[in-house]
Every structure is written in C-alpha cells, then in structure tokens.
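Asks: Structure file model12.pdb (PDB, C-alpha atoms) is given on the next line.
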```
ATOM      1  CA  MET V 191      -7.898 -43.946 -11.952
ATOM      2  CA  SER V 192     -11.122 -45.317 -10.568
ATOM      3  CA  THR V 193     -14.378 -43.380 -10.734
ATOM      4  CA  HIS V 194     -14.326 -42.939  -6.951
ATOM      5  CA  TYR V 195     -10.894 -41.276  -6.972
ATOM      6  CA  SER V 196     -11.542 -39.123 -10.052
ATOM      7  CA  GLY V 197     -14.764 -37.856  -8.464
ATOM      8  CA  ARG V 198     -12.866 -36.911  -5.297
ATOM      9  CA  PHE V 199     -10.145 -35.247  -7.344
ATOM     10  CA  PHE V 200     -12.603 -33.089  -9.270
ATOM     11  CA  ALA V 201     -14.542 -32.278  -6.092
ATOM     12  CA  SER V 202     -11.291 -31.174  -4.420
ATOM     13  CA  ILE V 203     -10.416 -28.983  -7.407
ATOM     14  CA  ALA V 204     -13.922 -27.471  -7.408
ATOM     15  CA  ILE V 205     -13.737 -26.672  -3.675
ATOM     16  CA  PHE V 206     -10.274 -25.167  -4.091
ATOM     17  CA  LEU V 207     -11.463 -22.965  -6.965
ATOM     18  CA  LEU V 208     -14.539 -21.845  -5.020
ATOM     19  CA  LEU V 209     -12.461 -20.955  -1.966
ATOM     20  CA  SER V 210      -9.806 -19.113  -3.959
ATOM     21  CA  THR V 211     -12.491 -17.187  -5.863
ATOM     22  CA  HIS V 212     -14.195 -16.253  -2.587
ATOM     23  CA  ILE V 213     -10.903 -15.037  -1.115
ATOM     24  CA  ASN V 214     -10.090 -12.956  -4.208
ATOM     25  CA  VAL V 215     -13.545 -11.383  -4.304
ATOM     26  CA  LYS V 216     -13.302 -10.588  -0.604
ATOM     27  CA  GLU V 217      -9.948  -8.822  -1.165
ATOM     28  CA  VAL V 218     -11.332  -6.719  -4.010
ATOM     29  CA  HIS V 219     -14.368  -5.524  -2.062
ATOM     30  CA  ALA V 220     -12.702  -5.132   1.332
ATOM     31  CA  ALA V 221     -11.688  -1.686   2.526
ATOM     32  CA  GLY V 222      -8.019  -1.594   3.458
ATOM     33  CA  GLU V 223      -5.740   1.133   4.760
ATOM     34  CA  CYS V 224      -6.596   3.226   1.692
ATOM     35  CA  GLY V 225     -10.326   2.562   1.793
ATOM     36  CA  LYS V 226     -11.508   1.065  -1.455
ATOM     37  CA  THR V 227      -8.561   2.542  -3.349
ATOM     38  CA  PRO V 228      -5.893  -0.096  -4.037
ATOM     39  CA  ILE V 229      -2.546   0.778  -2.466
ATOM     40  CA  SER V 230      -0.949   0.655  -5.920
ATOM     41  CA  ASN V 231      -3.299   3.442  -7.108
ATOM     42  CA  ALA V 232      -2.546   5.503  -4.002
ATOM     43  CA  ALA V 233       1.180   5.014  -4.644
ATOM     44  CA  LEU V 234       0.805   6.075  -8.269
ATOM     45  CA  SER V 235      -1.022   9.211  -7.149
ATOM     46  CA  LEU V 236       2.227  10.219  -5.446
ATOM     47  CA  SER V 237       4.291  10.047  -8.636
ATOM     48  CA  ALA V 238       5.049  13.766  -8.279
ATOM     49  CA  CYS V 239       7.161  12.775  -5.263
ATOM     50  CA  LEU V 240       9.588  10.533  -7.132
ATOM     51  CA  GLY V 241      12.423  13.052  -7.052
ATOM     52  CA  ALA V 242      11.993  13.710  -3.352
ATOM     53  CA  VAL V 243      12.046  10.062  -2.288
ATOM     54  CA  GLN V 244      15.465   9.417  -3.800
ATOM     55  CA  ASN V 245      17.349  12.020  -1.774
ATOM     56  CA  VAL V 246      16.473  13.491   1.613
ATOM     57  CA  ARG V 247      18.012  16.821   0.549
ATOM     58  CA  ALA V 248      16.024  17.070  -2.697
ATOM     59  CA  LYS V 249      13.450  19.834  -2.978
ATOM     60  CA  VAL V 250       9.908  18.506  -2.669
ATOM     61  CA  SER V 251       7.639  19.759  -5.443
ATOM     62  CA  PRO V 252       4.438  21.652  -4.596
ATOM     63  CA  ALA V 253       2.464  18.950  -6.471
ATOM     64  CA  CYS V 254       3.982  16.270  -4.241
ATOM     65  CA  CYS V 255       3.251  18.252  -1.081
ATOM     66  CA  SER V 256      -0.323  18.819  -2.188
ATOM     67  CA  ARG V 257      -0.939  15.123  -2.837
ATOM     68  CA  VAL V 258       0.712  14.037   0.408
ATOM     69  CA  SER V 259      -1.332  16.613   2.322
ATOM     70  CA  VAL V 260      -4.591  15.345   0.813
ATOM     71  CA  LEU V 261      -3.663  11.737   1.533
ATOM     72  CA  LEU V 262      -2.748  12.576   5.139
ATOM     73  CA  ARG V 263      -5.982  14.479   5.638
ATOM     74  CA  ASN V 264      -8.162  11.734   4.140
ATOM     75  CA  SER V 265      -6.317   8.643   5.341
ATOM     76  CA  PRO V 266      -3.063   8.929   7.289
ATOM     77  CA  LYS V 267      -2.785   5.132   7.532
ATOM     78  CA  CYS V 268      -2.892   4.945   3.748
ATOM     79  CA  LEU V 269       0.273   7.036   3.402
ATOM     80  CA  CYS V 270       2.091   4.655   5.739
ATOM     81  CA  ALA V 271       0.753   1.643   3.824
ATOM     82  CA  VAL V 272       2.017   3.176   0.574
ATOM     83  CA  PHE V 273       5.468   3.861   2.049
ATOM     84  CA  LEU V 274       5.724   0.239   3.229
ATOM     85  CA  SER V 275       4.167  -1.363   0.145
ATOM     86  CA  PRO V 276       5.982  -3.881  -2.063
ATOM     87  CA  LEU V 277       5.415  -1.543  -5.024
ATOM     88  CA  VAL V 278       7.489   1.171  -3.349
ATOM     89  CA  LYS V 279      10.229  -1.317  -2.497
ATOM     90  CA  GLN V 280      10.243  -2.636  -6.083
ATOM     91  CA  ALA V 281      10.652   0.933  -7.329
ATOM     92  CA  GLY V 282      13.809   1.225  -5.210
ATOM     93  CA  ILE V 283      12.336   3.863  -2.918
ATOM     94  CA  ASN V 284      13.776   4.033   0.559
ATOM     95  CA  PRO V 285      10.909   4.271   3.095
ATOM     96  CA  ALA V 286      13.253   6.048   5.530
ATOM     97  CA  ILE V 287      13.520   8.920   3.035
ATOM     98  CA  ALA V 288       9.884   8.773   1.915
ATOM     99  CA  ILE V 289       8.666   9.110   5.501
ATOM    100  CA  THR V 290      10.369  12.535   5.729
ATOM    101  CA  ILE V 291       8.255  14.089   2.957
ATOM    102  CA  PRO V 292       5.408  15.377   5.186
ATOM    103  CA  LYS V 293       7.942  17.267   7.332
ATOM    104  CA  ARG V 294       9.875  18.501   4.296
ATOM    105  CA  CYS V 295       6.560  19.821   2.943
ATOM    106  CA  ASN V 296       5.933  21.630   6.251
ATOM    107  CA  ILE V 297       2.550  19.919   6.603
ATOM    108  CA  ARG V 298       1.240  21.178   9.939
ATOM    109  CA  ASN V 299      -1.227  18.400  10.656
ATOM    110  CA  ARG V 300       1.198  15.558   9.945
ATOM    111  CA  PRO V 301       1.140  12.766  12.520
ATOM    112  CA  ALA V 302       4.642  13.513  13.853
ATOM    113  CA  GLY V 303       5.900  10.856  16.231
ATOM    114  CA  LYS V 304       3.529   8.181  14.883
ATOM    115  CA  LYS V 305       5.014   4.832  13.958
ATOM    116  CA  CYS V 306       4.929   3.591  10.383
ATOM    117  CA  GLY V 307       6.368   0.097  10.465
ATOM    118  CA  LYS V 308       9.834   0.444  11.968
ATOM    119  CA  TYR V 309       9.940   4.151  11.076
ATOM    120  CA  THR V 310       8.709   7.163  13.042
ATOM    121  CA  LEU V 311       7.247  10.162  11.245
ATOM    122  CA  PRO V 312       9.420  13.218  11.923
TER     123      PRO V 312
END
```
What is this file in structure tokens?
Replies:
Amino acid sequence: MSTHYSGRFFASIAIFLLLSTHINVKEVHAAGECGKTPISNAALSLSACLGAVQNVRAKVSPACCSRVSVLLRNSPKCLCAVFLSPLVKQAGINPAIAITIPKRCNIRNRPAGKKCGKYTLP
C-alpha cells in the first residue's frame, strides 16, 4: 500500500470514528419520549406489571397501577414508547395487552382514544 493510500485509509477511519462517537454522544444526551430516562429503565420500572401484560384477564397489581399512573402523569408518550420498545417485544410481551393496563387500573386521566403505534388506548 502506498503512503498516499494508507494516509487516506487512516483519515477515513478517523472521520468514521469521530462521526460515530458524535452520534453516540448525541443519543445519550438527547431527551427522548421518556426525557433523559432511557426507555429500558422506564420499562424496568414497570416490572410490577409483568403478570398483567401476559393475560388481559389477569388482575393488575396496585404497584403496577401506581407506576403506570405516575408514568402517564409525567410522560404519557413514554408509556407508549415503552409498550412499543424492542425490549418489550424481546420479553414476549404483547403490546395489545399491555396497552389495556391503564384502563384495567381505572386510571381516570388516561389518554383514552389516543394512538400508540397501531394500537388505541382503551
């Protein structure tokens, strides 16, 4: 490899690394649907709901209802982002069942009728 080509190669690698680092830093500091809280952390905060997201007829625990209520009050878009997240899909949770939790908890201020992906909050 000539000096000219090896210089270009290393310059290309350096630019690629700088751009990818910039993109990653931007993602970490950017506020998403859940503010500065990563969606994975928001999803983990709803671990009390695991029983209720497997079966639409399952009783929803008071701890689950409390956490969903807080999340809806603070960031309704975050709850939708959690329900549609890859983490939830990987856990085998059906978003169509998960989306029913606010109603099953009798949360009065839930955004009934709002779209969450292809689902509508009951």
Asks: From the set V:Thr290, V:Glu223, V:Arg298, V:Pro228, which residue has the shortest atom-to-atom contact distance to V:Leu277, counting all atoms listed in the file?
Replies: V:Pro228
Asks: Mind telling me what the PyMOL selection byres ((chain V and resi 278-282) around 12) catches here, as an mmCIF file with C-alpha atoms, in the frame of the given file?
Replies:
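Written output follows (selection38.cif):
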```cif
data_model
loop_
_atom_site.group_PDB
_atom_site.id
_atom_site.type_symbol
_atom_site.label_atom_id
_atom_site.label_comp_id
_atom_site.auth_asym_id
_atom_site.auth_seq_id
_atom_site.Cartn_x
_atom_site.Cartn_y
_atom_site.Cartn_z
ATOM 1 C CA ILE V 229 -2.546 0.778 -2.466
ATOM 2 C CA SER V 230 -0.949 0.655 -5.920
ATOM 3 C CA ASN V 231 -3.299 3.442 -7.108
ATOM 4 C CA ALA V 232 -2.546 5.503 -4.002
ATOM 5 C CA ALA V 233 1.180 5.014 -4.644
ATOM 6 C CA LEU V 234 0.805 6.075 -8.269
ATOM 7 C CA LEU V 236 2.227 10.219 -5.446
ATOM 8 C CA SER V 237 4.291 10.047 -8.636
ATOM 9 C CA CYS V 239 7.161 12.775 -5.263
ATOM 10 C CA LEU V 240 9.588 10.533 -7.132
ATOM 11 C CA VAL V 243 12.046 10.062 -2.288
ATOM 12 C CA GLN V 244 15.465 9.417 -3.800
ATOM 13 C CA ASN V 245 17.349 12.020 -1.774
ATOM 14 C CA LEU V 269 0.273 7.036 3.402
ATOM 15 C CA CYS V 270 2.091 4.655 5.739
ATOM 16 C CA ALA V 271 0.753 1.643 3.824
ATOM 17 C CA VAL V 272 2.017 3.176 0.574
ATOM 18 C CA PHE V 273 5.468 3.861 2.049
ATOM 19 C CA LEU V 274 5.724 0.239 3.229
ATOM 20 C CA SER V 275 4.167 -1.363 0.145
ATOM 21 C CA PRO V 276 5.982 -3.881 -2.063
ATOM 22 C CA LEU V 277 5.415 -1.543 -5.024
ATOM 23 C CA ILE V 283 12.336 3.863 -2.918
ATOM 24 C CA ASN V 284 13.776 4.033 0.559
ATOM 25 C CA PRO V 285 10.909 4.271 3.095
ATOM 26 C CA ALA V 286 13.253 6.048 5.530
ATOM 27 C CA ILE V 287 13.520 8.920 3.035
ATOM 28 C CA ALA V 288 9.884 8.773 1.915
ATOM 29 C CA ILE V 289 8.666 9.110 5.501
#
```
Asks: Give me, please, the distance in Å between atom CA of V:Lys293 and atom CA of V:Gly307, quoted to one decimal.
Replies: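 Atom CA of V:Lys293 sits 17.5 Å away from atom CA of V:Gly307.
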Asks: Restricting the calculation to only C-alpha atoms: of V:Leu311, V:Cys224, V:Val260, V:Cys254, which residue gets closest to V:Ala242?
Replies: V:Cys254
Asks: Using all atoms listed in the file, pick whichever of V:Gly225, V:Gly241, V:Pro252, V:Pro266 has the shortest atom-to-atom distance to V:Lys304.
Replies: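 Checking each of V:Gly225, V:Gly241, V:Pro252, V:Pro266 against V:Lys304, counting all atoms listed in the file, the winner is V:Pro266.
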Asks: Would you mind telling me which residue in V:Cys268, V:Ala302, V:Ala238, V:Ile291 lies nearest to V:Gly222 when using all atoms listed in the file?
Replies: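 Nearest candidate to V:Gly222 out of V:Cys268, V:Ala302, V:Ala238, V:Ile291: V:Cys268.
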Asks: Quick one: of V:Lys308, V:Arg294, V:Thr227, V:Lys249, who's nearest to V:Leu261, counting only C-alpha atoms?
Replies: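 Using only C-alpha atoms, V:Leu261 sits closest to V:Thr227.
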